[in-house]
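*Asks:* Sharing entry-v3.txt below, compact mmCIF, C-alpha atoms:
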```
# COMPACT_ATOMS: atom_id res chain seq x y z
CA MET A 253 93.46 93.03 110.19
CA SER A 254 95.87 95.47 108.52
CA LEU A 255 98.08 92.57 107.46
CA LEU A 256 95.10 90.70 106.01
CA ILE A 257 93.96 93.80 104.11
CA LEU A 258 97.47 94.29 102.74
CA ILE A 259 97.64 90.66 101.57
CA ALA A 260 94.17 90.88 100.01
CA SER A 261 95.08 94.09 98.20
CA ILE A 262 98.27 92.66 96.74
CA LEU A 263 96.46 89.48 95.66
CA LEU A 264 93.76 91.58 93.97
CA LEU A 265 96.38 93.59 92.11
CA LEU A 266 98.16 90.46 90.92
CA ILE A 267 94.89 88.85 89.81
CA LEU A 268 93.82 91.97 87.90
CA ILE A 269 97.13 92.31 86.07
CA SER A 270 98.24 88.71 85.58
CA GLY A 271 94.89 86.90 85.56
CA VAL A 272 92.35 89.31 84.06
CA LYS A 273 95.01 91.18 82.02
CA VAL A 274 93.81 94.61 83.17
CA ASN A 275 96.13 97.49 82.32
CA ALA A 276 98.49 98.13 85.26
CA PHE A 277 97.42 101.79 85.56
CA ILE A 278 93.74 100.83 85.96
CA ALA A 279 94.57 97.85 88.20
CA LEU A 280 96.63 99.96 90.59
CA THR A 281 93.88 102.56 90.81
CA ILE A 282 91.21 99.92 91.53
CA THR A 283 93.43 98.36 94.20
CA ALA A 284 94.01 101.73 95.86
CA PHE A 285 90.24 102.22 96.17
CA PHE A 286 89.81 98.63 97.39
CA THR A 287 92.42 99.07 100.14
CA GLY A 288 91.01 102.37 101.38
CA ILE A 289 87.44 101.03 101.51
CA LEU A 290 88.48 97.91 103.44
CA LYS A 291 90.31 100.14 105.95
CA SER A 292 87.09 102.21 106.33
CA MET A 293 88.67 105.41 105.08
CA PRO A 294 86.07 108.17 104.54
CA PHE A 295 85.43 108.45 100.81
CA THR A 296 86.56 112.08 100.71
CA ASP A 297 89.82 111.19 102.47
CA LEU A 298 90.33 108.25 100.13
CA ILE A 299 89.98 110.44 97.03
CA ASN A 300 92.29 113.05 98.54
CA SER A 301 94.83 110.36 99.44
CA ILE A 302 94.86 109.00 95.88
CA GLN A 303 95.22 112.49 94.44
CA GLN A 304 97.97 113.34 96.89
CA GLY A 305 99.80 110.12 96.06
CA ILE A 306 99.71 110.87 92.36
CA GLY A 307 100.73 114.48 92.91
CA SER A 308 103.56 113.76 95.33
CA THR A 309 104.94 110.98 93.14
CA LEU A 310 104.78 112.86 89.85
CA GLY A 311 105.74 116.11 91.54
CA SER A 312 109.18 114.70 92.26
CA LEU A 313 109.47 112.44 89.23
CA ILE A 314 107.69 113.94 86.23
CA PHE A 315 110.47 116.32 85.23
CA ILE A 316 113.16 113.72 85.91
CA ILE A 317 111.34 111.11 83.81
CA ALA A 318 110.48 113.48 80.96
CA PHE A 319 113.90 115.13 80.85
CA GLY A 320 115.57 111.75 81.30
CA VAL A 321 113.72 110.32 78.29
CA ILE A 322 114.71 113.33 76.18
CA LEU A 323 118.35 113.14 77.29
CA GLY A 324 118.38 109.39 76.72
CA ASN A 325 116.93 109.88 73.26
CA LEU A 326 119.57 112.49 72.43
CA LEU A 327 122.34 110.15 73.59
CA SER A 328 120.86 107.26 71.64
CA ASP A 329 119.74 109.11 68.49
CA SER A 330 123.11 110.86 68.07
CA GLY A 331 125.18 107.69 68.46
CA ALA A 332 126.68 108.86 71.77
CA ALA A 333 125.27 105.88 73.69
CA GLN A 334 126.68 103.53 71.05
CA ARG A 335 130.06 105.27 71.28
CA ILE A 336 130.16 104.88 75.07
CA SER A 337 129.03 101.29 74.87
CA SER A 338 131.60 100.42 72.19
CA VAL A 339 134.43 101.82 74.34
CA MET A 340 133.12 99.92 77.37
CA ILE A 341 133.00 96.72 75.33
CA ARG A 342 136.59 97.20 74.12
CA SER A 343 137.81 98.03 77.63
CA PHE A 344 136.13 95.18 79.50
CA GLY A 345 135.43 92.68 76.77
CA ILE A 346 132.10 91.00 76.18
CA LYS A 347 132.93 88.34 78.78
CA HIS A 348 133.19 90.96 81.54
CA ILE A 349 130.61 93.45 80.27
CA LYS A 350 128.58 93.11 83.50
CA TRP A 351 131.50 94.65 85.36
CA ALA A 352 131.30 97.67 83.08
CA MET A 353 127.60 98.09 83.88
CA VAL A 354 128.15 97.63 87.61
CA ILE A 355 131.06 100.08 87.79
CA THR A 356 129.19 102.65 85.71
CA GLY A 357 126.03 102.30 87.80
CA PHE A 358 127.95 102.55 91.07
CA SER A 359 129.92 105.61 89.93
CA VAL A 360 126.78 107.40 88.79
CA GLY A 361 124.71 106.25 91.77
CA ILE A 362 126.99 107.65 94.47
CA SER A 363 125.93 111.20 93.68
CA MET A 364 122.61 110.77 91.88
CA PHE A 365 119.06 109.89 92.90
CA TYR A 366 118.10 106.36 91.86
CA ASN A 367 115.36 107.46 89.45
CA ALA A 368 117.57 109.98 87.68
CA GLY A 369 120.49 107.56 87.45
CA PHE A 370 118.27 104.78 86.10
CA ILE A 371 116.79 106.96 83.39
CA ILE A 372 120.18 108.33 82.32
CA LEU A 373 121.82 104.89 82.13
CA ILE A 374 118.97 102.95 80.54
CA PRO A 375 119.76 103.97 76.92
CA MET A 376 123.36 102.81 77.47
CA VAL A 377 122.08 99.44 78.69
CA PHE A 378 120.06 99.08 75.49
CA ALA A 379 123.03 100.15 73.35
CA VAL A 380 125.43 97.73 75.07
CA ALA A 381 122.89 94.89 74.81
CA LYS A 382 122.50 95.51 71.10
CA SER A 383 126.24 95.71 70.44
CA THR A 384 127.15 92.63 72.47
CA LYS A 385 124.03 90.55 71.71
CA GLN A 386 123.65 90.08 75.48
CA PRO A 387 120.17 89.89 77.10
CA ILE A 388 118.91 93.33 78.13
CA ILE A 389 117.65 92.12 81.53
CA TYR A 390 121.04 90.50 82.19
CA LEU A 391 122.76 93.87 81.83
CA GLY A 392 119.90 95.92 83.29
CA ILE A 393 119.99 94.07 86.62
CA ALA A 394 123.74 94.64 86.88
CA MET A 395 123.25 98.38 86.41
CA ALA A 396 120.16 98.64 88.65
CA SER A 397 121.78 96.71 91.51
CA ALA A 398 124.61 99.25 91.70
CA LEU A 399 122.19 102.18 91.73
CA SER A 400 120.04 100.53 94.39
CA ILE A 401 122.97 99.81 96.71
CA THR A 402 124.18 103.40 96.64
CA HIS A 403 120.59 104.55 97.23
CA GLY A 404 120.10 102.38 100.31
CA PHE A 405 123.52 102.33 102.00
CA LEU A 406 125.64 105.31 101.14
CA PRO A 407 125.48 108.94 102.26
CA PRO A 408 125.08 111.57 100.87
CA HIS A 409 121.86 110.04 99.55
CA PRO A 410 118.85 111.59 101.35
CA GLY A 411 117.61 108.32 102.90
CA PRO A 412 120.83 107.11 104.56
CA THR A 413 121.78 110.68 105.49
CA ALA A 414 118.42 111.33 107.19
CA ILE A 415 118.64 108.01 109.06
CA ALA A 416 122.19 108.89 110.14
CA VAL A 417 120.88 112.14 111.60
CA ILE A 418 118.21 110.26 113.59
CA PHE A 419 120.82 107.86 115.04
CA LYS A 420 123.42 110.65 115.45
CA ALA A 421 125.80 108.56 113.33
CA ASN A 422 129.07 109.83 111.87
CA ILE A 423 128.52 110.40 108.14
CA GLY A 424 132.11 109.56 107.23
CA LYS A 425 132.10 106.28 109.17
CA THR A 426 128.70 105.39 107.73
CA LEU A 427 130.04 105.90 104.21
CA LEU A 428 133.18 103.84 104.98
CA TYR A 429 131.25 100.94 106.52
CA GLY A 430 128.67 101.23 103.76
CA LEU A 431 131.34 100.79 101.10
CA MET A 432 132.64 97.70 102.92
CA ILE A 433 129.15 96.18 102.85
CA ALA A 434 128.38 97.40 99.33
CA VAL A 435 131.17 95.45 97.60
CA PRO A 436 130.01 91.89 98.44
CA ALA A 437 126.35 92.90 98.00
CA LEU A 438 127.15 94.36 94.59
CA PHE A 439 129.10 91.28 93.54
CA THR A 440 126.27 88.94 94.56
CA ALA A 441 123.36 90.96 93.13
CA GLY A 442 125.05 92.53 90.12
CA ILE A 443 127.55 89.90 88.95
CA VAL A 444 126.39 86.47 90.19
CA PHE A 445 122.59 86.82 90.14
CA PRO A 446 122.25 87.99 86.49
CA GLU A 447 123.65 84.64 85.36
CA PHE A 448 120.42 82.98 86.53
CA ILE A 449 118.04 85.25 84.57
CA LYS A 450 119.67 85.38 81.14
CA LYS A 451 116.75 83.57 79.49
CA ILE A 452 114.16 86.19 80.49
CA ASN A 453 113.23 88.23 77.43
CA ALA A 454 112.61 91.99 77.51
CA PHE A 455 110.37 93.95 75.14
CA PRO A 456 111.08 97.69 75.67
CA PRO A 457 108.46 100.16 74.34
CA LYS A 458 108.97 100.79 70.64
CA GLY A 459 110.34 104.23 69.83
CA LEU A 460 111.67 104.88 73.32
CA PHE A 461 115.29 104.91 72.19
CA GLU A 462 116.84 104.91 68.72
CA SER A 463 117.81 101.47 67.43
CA LYS A 464 119.91 102.57 64.46
CA THR A 465 123.46 101.25 64.16
CA PHE A 466 125.91 104.09 63.49
CA THR A 467 129.14 104.05 61.56
CA GLU A 468 132.37 105.24 63.16
CA ALA A 469 132.16 108.58 61.33
CA GLU A 470 128.56 109.21 62.38
CA MET A 471 129.22 108.93 66.11
CA PRO A 472 130.50 111.80 68.29
CA SER A 473 133.80 111.37 70.11
CA PHE A 474 133.99 109.36 73.31
CA LYS A 475 134.97 112.42 75.37
CA ILE A 476 131.98 114.47 74.18
CA SER A 477 129.63 111.51 74.55
CA LEU A 478 130.74 110.70 78.09
CA LEU A 479 130.86 114.35 79.16
CA THR A 480 127.32 114.94 77.91
CA ALA A 481 126.00 111.82 79.64
CA LEU A 482 127.68 112.77 82.93
CA VAL A 483 126.66 116.45 83.05
CA PRO A 484 123.79 115.79 85.50
CA VAL A 485 126.05 113.52 87.55
CA PHE A 486 128.67 116.27 87.92
CA LEU A 487 126.05 118.88 88.79
CA MET A 488 124.32 116.70 91.38
CA ALA A 489 127.65 115.66 92.90
CA THR A 490 128.69 119.31 93.16
CA ALA A 491 125.45 120.17 94.96
CA THR A 492 125.84 117.24 97.34
CA PHE A 493 129.39 118.06 98.33
CA SER A 494 128.59 121.76 98.63
CA GLU A 495 126.00 120.88 101.30
CA LEU A 496 128.63 118.90 103.19
CA LEU A 497 131.65 121.18 102.75
CA ILE A 498 130.41 124.76 102.26
CA SER A 499 128.93 126.73 105.16
CA GLU A 500 125.34 127.96 104.94
CA GLU A 501 126.53 131.56 105.07
CA ASN A 502 128.45 131.21 101.81
CA SER A 503 126.44 132.77 98.96
CA ILE A 504 127.69 130.23 96.41
CA ARG A 505 126.09 127.31 98.30
CA PRO A 506 122.43 127.91 97.32
CA ILE A 507 123.46 128.42 93.67
CA LEU A 508 125.30 125.09 93.56
CA ILE A 509 122.39 123.35 95.31
CA PHE A 510 119.96 124.86 92.79
CA ILE A 511 121.86 123.80 89.68
CA GLY A 512 122.47 120.37 91.25
CA ASN A 513 118.79 119.75 91.89
CA PRO A 514 117.76 116.72 89.75
CA THR A 515 115.28 118.80 87.75
CA SER A 516 117.67 121.70 87.14
CA SER A 517 120.63 119.46 86.35
CA MET A 518 118.62 117.35 83.90
CA LEU A 519 117.39 120.48 82.08
CA ILE A 520 120.93 121.85 81.88
CA ALA A 521 122.10 118.48 80.58
CA ILE A 522 119.44 118.52 77.85
CA LEU A 523 120.44 122.01 76.71
CA PHE A 524 124.08 120.94 76.71
CA ALA A 525 123.24 117.76 74.74
CA ILE A 526 121.18 119.68 72.18
CA CYS A 527 124.29 121.72 71.44
CA THR A 528 127.04 119.08 71.64
CA LEU A 529 125.15 116.17 70.10
CA GLY A 530 122.80 118.11 67.85
CA LEU A 531 123.34 121.67 66.68
CA PHE A 532 127.16 121.55 66.73
CA ARG A 533 127.04 118.42 64.57
CA GLY A 534 124.78 119.94 61.93
CA ARG A 535 121.37 118.68 63.07
CA LYS A 536 118.31 120.93 62.80
CA MET A 537 116.47 121.97 65.95
CA GLN A 538 113.15 120.86 64.44
CA ASP A 539 114.52 117.35 63.84
CA ILE A 540 115.85 117.15 67.41
CA MET A 541 112.50 118.23 68.88
CA ASP A 542 110.52 115.85 66.66
CA LYS A 543 112.59 112.88 67.81
CA SER A 544 112.28 114.00 71.44
CA SER A 545 108.48 114.26 71.13
CA THR A 546 108.30 110.73 69.73
CA ALA A 547 110.35 109.42 72.65
CA LEU A 548 108.15 111.27 75.16
CA SER A 549 104.98 109.78 73.72
CA SER A 550 106.46 106.31 74.22
CA ALA A 551 106.97 107.08 77.92
CA THR A 552 103.35 108.17 78.58
CA MET A 553 102.17 104.82 79.95
CA ILE A 554 105.28 104.53 82.10
CA ILE A 555 104.43 107.86 83.72
CA LEU A 556 100.79 106.89 84.30
CA ILE A 557 101.68 103.55 85.90
CA ILE A 558 104.25 105.18 88.20
CA ALA A 559 101.59 107.74 89.20
CA ALA A 560 99.07 105.02 90.02
CA GLY A 561 101.73 103.20 92.03
CA GLY A 562 102.21 106.39 94.03
CA ALA A 563 98.46 106.56 94.67
CA PHE A 564 98.41 102.99 96.01
CA LYS A 565 101.41 103.71 98.24
CA GLN A 566 99.76 106.86 99.67
CA VAL A 567 96.56 104.98 100.53
CA LEU A 568 98.62 102.39 102.41
CA ILE A 569 100.26 105.21 104.37
CA ASP A 570 97.14 107.28 105.06
CA SER A 571 95.01 104.27 105.98
CA GLY A 572 97.39 103.46 108.84
CA ILE A 573 98.47 100.02 107.59
CA GLY A 574 102.18 100.85 107.88
CA THR A 575 101.80 102.26 111.39
CA ASP A 576 99.81 99.23 112.55
CA LEU A 577 102.50 96.83 111.36
CA SER A 578 105.40 98.79 112.84
CA HIS A 579 103.76 98.98 116.29
CA PHE A 580 103.56 95.21 116.37
CA PHE A 581 107.36 95.00 116.62
CA GLU A 582 108.01 97.84 119.07
CA LYS A 583 108.42 95.66 122.19
CA SER A 584 110.50 92.93 120.58
CA SER A 585 113.61 91.57 122.39
CA LEU A 586 115.61 91.14 119.16
CA SER A 587 119.01 92.78 118.66
CA PRO A 588 118.54 96.41 117.56
CA LEU A 589 120.45 95.67 114.34
CA VAL A 590 118.13 92.80 113.40
CA LEU A 591 115.04 94.58 114.71
CA GLY A 592 115.77 97.72 112.70
CA TRP A 593 116.28 95.65 109.57
CA LEU A 594 113.11 93.63 110.19
CA ILE A 595 110.88 96.64 110.87
CA ALA A 596 112.22 98.44 107.80
CA THR A 597 111.54 95.29 105.76
CA ILE A 598 107.95 95.00 106.99
CA ILE A 599 107.22 98.67 106.30
CA ARG A 600 108.93 98.45 102.92
CA ILE A 601 106.67 95.51 102.00
CA ALA A 602 103.62 97.38 103.29
CA LEU A 603 104.26 100.84 101.84
CA GLY A 604 106.71 100.43 98.98
CA SER A 605 108.82 103.50 99.71
CA ALA A 606 112.39 102.72 100.81
CA THR A 607 112.81 106.21 102.28
CA VAL A 608 109.58 106.02 104.30
CA ALA A 609 110.46 102.51 105.50
CA GLY A 610 113.93 103.57 106.59
CA LEU A 611 112.84 106.72 108.42
CA THR A 612 109.89 105.01 110.14
CA ALA A 613 112.01 102.08 111.31
CA ALA A 614 114.72 104.45 112.53
CA GLY A 615 112.20 106.38 114.59
CA ILE A 616 110.96 103.17 116.24
CA VAL A 617 114.35 101.70 117.19
CA GLN A 618 116.20 104.95 117.89
CA PRO A 619 115.72 104.73 121.69
CA LEU A 620 117.27 101.23 121.67
CA VAL A 621 120.51 102.45 120.10
CA ILE A 622 121.57 104.48 123.13
CA ALA A 623 120.47 101.81 125.61
CA SER A 624 122.20 98.93 123.79
CA GLY A 625 125.42 100.72 122.86
CA VAL A 626 125.28 99.36 119.31
CA SER A 627 127.16 101.30 116.63
CA PRO A 628 124.84 104.01 115.25
CA GLU A 629 126.62 103.76 111.90
CA LEU A 630 125.78 100.06 111.66
CA MET A 631 122.20 100.85 112.64
CA VAL A 632 121.98 103.20 109.66
CA LEU A 633 123.16 100.41 107.37
CA SER A 634 120.91 97.70 108.85
CA VAL A 635 117.84 99.91 108.49
CA GLY A 636 118.97 100.92 104.98
CA ALA A 637 119.34 97.25 104.02
CA GLY A 638 115.86 96.47 105.30
CA SER A 639 114.39 99.38 103.41
CA LEU A 640 115.48 97.77 100.11
CA MET A 641 113.94 94.36 100.79
CA CYS A 642 111.20 92.69 98.75
CA SER A 643 110.28 95.54 96.41
CA HIS A 644 106.99 94.66 94.76
CA VAL A 645 103.82 96.11 93.23
CA ASN A 646 103.46 99.06 95.63
CA ASP A 647 106.93 100.41 94.78
CA THR A 648 107.33 102.87 91.91
CA GLY A 649 110.81 101.43 91.25
CA PHE A 650 109.17 98.06 90.53
CA TRP A 651 106.98 99.62 87.84
CA MET A 652 109.78 101.70 86.35
CA PHE A 653 111.88 98.58 85.88
CA LYS A 654 108.95 96.59 84.50
CA GLU A 655 107.79 99.19 81.99
CA TYR A 656 111.18 100.34 80.72
CA PHE A 657 112.23 96.75 80.03
CA GLY A 658 108.77 95.66 78.89
CA ILE A 659 108.58 92.49 80.99
CA SER A 660 105.67 90.83 82.77
CA VAL A 661 104.80 91.27 86.46
CA SER A 662 105.93 87.69 87.06
CA ASP A 663 109.32 88.32 85.43
CA THR A 664 109.69 91.57 87.36
CA PHE A 665 109.34 89.58 90.58
CA LYS A 666 111.93 87.09 89.32
CA THR A 667 114.42 89.81 88.43
CA TRP A 668 113.91 93.16 90.20
CA THR A 669 112.32 91.86 93.43
CA VAL A 670 114.86 89.07 93.87
CA MET A 671 117.73 91.47 93.16
CA GLU A 672 116.50 93.95 95.79
CA THR A 673 116.04 91.14 98.31
CA ILE A 674 119.56 89.83 97.71
CA ILE A 675 120.92 93.30 98.42
CA GLY A 676 118.85 93.59 101.61
CA VAL A 677 119.95 90.18 102.93
CA MET A 678 123.61 90.74 102.03
CA GLY A 679 123.42 94.12 103.74
CA LEU A 680 122.21 92.56 106.99
CA ILE A 681 124.88 89.84 106.84
CA GLY A 682 127.55 92.48 106.29
CA VAL A 683 126.30 94.55 109.22
CA LEU A 684 126.30 91.55 111.58
CA ILE A 685 129.84 90.61 110.52
CA LEU A 686 131.12 94.16 111.01
CA ASN A 687 129.42 94.28 114.41
CA ILE A 688 131.82 91.58 115.64
CA TRP A 689 134.75 94.00 115.29
CA ILE A 690 133.10 97.40 115.62
CA LYS A 691 132.00 98.41 119.09
```
Show how you would write the structure in this file as structure tokens.
*Replies:*
Amino acid sequence: MSLLILIASILLLLILISGVKVNAFIALTITAFFTGILKSMPFTDLINSIQQGIGSTLGSLIFIIAFGVILGNLLSDSGAAQRISSVMIRSFGIKHIKWAMVITGFSVGISMFYNAGFIILIPMVFAVAKSTKQPIIYLGIAMASALSITHGFLPPHPGPTAIAVIFKANIGKTLLYGLMIAVPALFTAGIVFPEFIKKINAFPPKGLFESKTFTEAEMPSFKISLLTALVPVFLMATATFSELLISEENSIRPILIFIGNPTSSMLIAILFAICTLGLFRGRKMQDIMDKSSTALSSATMIILIIAAGGAFKQVLIDSGIGTDLSHFFEKSSLSPLVLGWLIATIIRIALGSATVAGLTAAGIVQPLVIASGVSPELMVLSVGAGSLMCSHVNDTGFWMFKEYFGISVSDTFKTWTVMETIIGVMGLIGVLILNIWIK
């Protein structure tokens, strides 16, 4: 019954958005109510679940999205994004520009949350697309695939790290094996796959990022541009490594963790950018704030849709649909590596959250790891690969990609969902190959 309700809910959402042309924010809200009612949730609990979903989603994302839009606007409006993109184009050449996007996304993604990395890099994608006349989606998928792979496979990201703790896996080995799996997955999803979607057109929200073409004299230097763009990356990386390398008794540790928090680091980056890209170059504070306000207003609908997606996800969790589906697979005789991947995939499809899918699947198959003797590090990676599979309408990442690039739901399935699925399948293949040699 839970599976039927899930299918009915997703079909309703698709019909409302694609068939009836209802705004995605309203459609997601209606679908959340529909799902809760079919699962016989008490009306009070249903309302609370929707409110909690909105609050928990925006609670962790609102500052990152808002600050990310402001930082992106500063990078774009000052010419810094164009400067970075022009250097990338000269270094890699237009023919190999995807490699530039993949390498940049992977470098940023190792130490940064997916949402923060996506928002920081998106203005550079637009700038590179404009300079090279390449399709935005073509470059956007290359960048997003790198961020997604680091998010699902590689410690010290919270998801893989938490799963490693559950399986008692060695963090260093998990990172090493994860890198071995990441390379072919990244090549397939970020380099090969974009060639098949070049004809899909994107229509980003007007006013989100500056579209002016700057002269050489108007742009800041490459060093200042790159440093400003990477400030949050450096701060988050510092916080991550401080947690791994500095003892809890050391008084400097909480300070580094605080300034490396995505919200704190993004705010620091904005203040730094206001100085380096604005005030120090003769711009007035009022002009900087006016441009930032315009960019924020363009992101309003993006924020609302992500919030509604969080509400839908929370109803799926609180109604018990995810738990019902995971229990179905508990007594399976499949290999723990395949079973962990499959359960994570099912929960990912049901709930949308990669982190929830990974942690839930890990909890279910954890007893099998000791009994079977399978490598706990490979279990982390198989579950992480499954947690990335088949992202669709109940995943906030799906809506972020759709709204920032201004594409239809159908095209988001063709691009984002397929890309995530390629990564998940390549991850499982890599795990099974490594399992032949690693015992």
*Asks:* Could you tell me, as a PDB file with C-alpha atoms, in the frame of the given file, which residues have any atom at most 8 Å from (115.7, 88.1, 72.2), counting all atoms listed in the file?
*Replies:*
```pdb
ATOM      1  CA  PRO A 387     120.170  89.890  77.100  1.00  0.00           C
ATOM      2  CA  ASN A 453     113.230  88.230  77.430  1.00  0.00           C
ATOM      3  CA  ALA A 454     112.610  91.990  77.510  1.00  0.00           C
TER       4      ALA A 454
END
```
*Asks:* With distances taken over all atoms listed in the file, which of A:Gly592, A:Gly658, A:Pro619, A:Gly636 is nearest to His409 in chain A?
*Replies:*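 Selected residue with least distance to His409 in chain A: A:Gly636.
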*Asks:* Between A:Leu603, A:Met553, A:Thr480, A:Ile507, which is the closest to Asp576 in chain A once you count only C-alpha atoms?
*Replies:*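 For Asp576 in chain A, the nearest of the given residues is A:Leu603.
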*Asks:* Can you tell me how far CA of Phe665 in chain A sits from CA of His644 in chain A, in Å to one decimal?
*Replies:*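 Atom-to-atom, CA of Phe665 in chain A and CA of His644 in chain A are spaced 7.0 Å apart.
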*Asks:* One decimal, Å: what's the distance from CA of Gly324 in chain A over to CA of Pro375 in chain A, could you say?
*Replies:* 5.6 Å
*Asks:* Taking only C-alpha atoms into account, which of A:Val321, A:Leu258, A:Ala284, A:Ile674 comes nearest Gln566 in chain A?
*Replies:*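 Selected residue with least distance to Gln566 in chain A: A:Ala284.
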*Asks:* Here is a test: counting all atoms listed in the file, which residue of A:Val626, A:Leu438, A:Ile389, A:Met395 is nearest to Phe455 in chain A?
*Replies:*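 Smallest distance to Phe455 in chain A is found for A:Ile389.
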*Asks:* Ranking A:Leu548, A:Ala333, A:Ile314, A:Met340 by minimum distance to Ala368 in chain A and counting only C-alpha atoms, which one comes first?
*Replies:*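 Selected residue with least distance to Ala368 in chain A: A:Ile314.
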*Asks:* Any idea what the distance is between CA of Arg600 in chain A and CA of Gly638 in chain A?
*Replies:*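 Taking CA of Arg600 in chain A as the start and CA of Gly638 in chain A as the end point, the length is 7.6 Å.
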*Asks:* Between A:Phe439, A:Trp593, A:Phe285, A:Trp651, which has the minimum distance to Leu630 in chain A (counting all atoms listed in the file)?
*Replies:* A:Trp593
*Asks:* Within 12 Å of (127.5, 95.3, 89.8) in the file's own coordinates, which protein, DNA or RNA residues have an atom, counting only C-alpha atoms? List them as a PyMOL selection string.
*Replies:* chain A and resi 348-359+361+390-402+434-446+671+675
*Asks:* Could those selected residues go to a file with C-alpha atoms, as a PDB file, in the coordinates of the input?
*Replies:*
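Heads up, here's the output in part34.pdb:
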```
ATOM      1  CA  HIS A 348     133.190  90.960  81.540  1.00  0.00           C
ATOM      2  CA  ILE A 349     130.610  93.450  80.270  1.00  0.00           C
ATOM      3  CA  LYS A 350     128.580  93.110  83.500  1.00  0.00           C
ATOM      4  CA  TRP A 351     131.500  94.650  85.360  1.00  0.00           C
ATOM      5  CA  ALA A 352     131.300  97.670  83.080  1.00  0.00           C
ATOM      6  CA  MET A 353     127.600  98.090  83.880  1.00  0.00           C
ATOM      7  CA  VAL A 354     128.150  97.630  87.610  1.00  0.00           C
ATOM      8  CA  ILE A 355     131.060 100.080  87.790  1.00  0.00           C
ATOM      9  CA  THR A 356     129.190 102.650  85.710  1.00  0.00           C
ATOM     10  CA  GLY A 357     126.030 102.300  87.800  1.00  0.00           C
ATOM     11  CA  PHE A 358     127.950 102.550  91.070  1.00  0.00           C
ATOM     12  CA  SER A 359     129.920 105.610  89.930  1.00  0.00           C
ATOM     13  CA  GLY A 361     124.710 106.250  91.770  1.00  0.00           C
ATOM     14  CA  TYR A 390     121.040  90.500  82.190  1.00  0.00           C
ATOM     15  CA  LEU A 391     122.760  93.870  81.830  1.00  0.00           C
ATOM     16  CA  GLY A 392     119.900  95.920  83.290  1.00  0.00           C
ATOM     17  CA  ILE A 393     119.990  94.070  86.620  1.00  0.00           C
ATOM     18  CA  ALA A 394     123.740  94.640  86.880  1.00  0.00           C
ATOM     19  CA  MET A 395     123.250  98.380  86.410  1.00  0.00           C
ATOM     20  CA  ALA A 396     120.160  98.640  88.650  1.00  0.00           C
ATOM     21  CA  SER A 397     121.780  96.710  91.510  1.00  0.00           C
ATOM     22  CA  ALA A 398     124.610  99.250  91.700  1.00  0.00           C
ATOM     23  CA  LEU A 399     122.190 102.180  91.730  1.00  0.00           C
ATOM     24  CA  SER A 400     120.040 100.530  94.390  1.00  0.00           C
ATOM     25  CA  ILE A 401     122.970  99.810  96.710  1.00  0.00           C
ATOM     26  CA  THR A 402     124.180 103.400  96.640  1.00  0.00           C
ATOM     27  CA  ALA A 434     128.380  97.400  99.330  1.00  0.00           C
ATOM     28  CA  VAL A 435     131.170  95.450  97.600  1.00  0.00           C
ATOM     29  CA  PRO A 436     130.010  91.890  98.440  1.00  0.00           C
ATOM     30  CA  ALA A 437     126.350  92.900  98.000  1.00  0.00           C
ATOM     31  CA  LEU A 438     127.150  94.360  94.590  1.00  0.00           C
ATOM     32  CA  PHE A 439     129.100  91.280  93.540  1.00  0.00           C
ATOM     33  CA  THR A 440     126.270  88.940  94.560  1.00  0.00           C
ATOM     34  CA  ALA A 441     123.360  90.960  93.130  1.00  0.00           C
ATOM     35  CA  GLY A 442     125.050  92.530  90.120  1.00  0.00           C
ATOM     36  CA  ILE A 443     127.550  89.900  88.950  1.00  0.00           C
ATOM     37  CA  VAL A 444     126.390  86.470  90.190  1.00  0.00           C
ATOM     38  CA  PHE A 445     122.590  86.820  90.140  1.00  0.00           C
ATOM     39  CA  PRO A 446     122.250  87.990  86.490  1.00  0.00           C
ATOM     40  CA  MET A 671     117.730  91.470  93.160  1.00  0.00           C
ATOM     41  CA  ILE A 675     120.920  93.300  98.420  1.00  0.00           C
TER      42      ILE A 675
END
```
*Asks:* For Pro407 in chain A, please output as a count of residues only all residues within 7 Å (counting all atoms listed in the file; exclusion window: fewer than 2 positions along the same chain).
*Replies:* 6
*Asks:* Find the spatial neighbours of Ala318 in chain A, counting all atoms listed in the file, within a cut-off of 9 Å - ignore same-chain residues fewer than 4 positions away - and output them as a PyMOL selection string.
*Replies:* chain A and resi 313-314+322-323+548+551+555
*Asks:* For Gly320 in chain A, find every residue with an atom within 12 Å (counting all atoms listed in the file), except residues of its own chain fewer than 2 positions away, and show them as a ChimeraX atom specification.
*Replies:* /A:313-318,322-328,367-375,460-461,481,484,514-522,525,544,547-548,551
*Asks:* Need the shell around Val417 in chain A: protein/DNA/RNA residues with any atom at most 10 Å away, counting all atoms listed in the file. Skip same-chain ones fewer than 6 positions apart. Format as a VMD selection string?
*Replies:* chain A and resid 423 614 628 632
*Asks:* Need the shell around Leu266 in chain A: protein/DNA/RNA residues with any atom at most 12 Å away, counting all atoms listed in the file. Skip same-chain ones fewer than 4 positions apart. Format as number ranges by chain?
*Replies:* A: 259-262, 270-276, 279-280, 282-283, 644-646, 660-662, 665
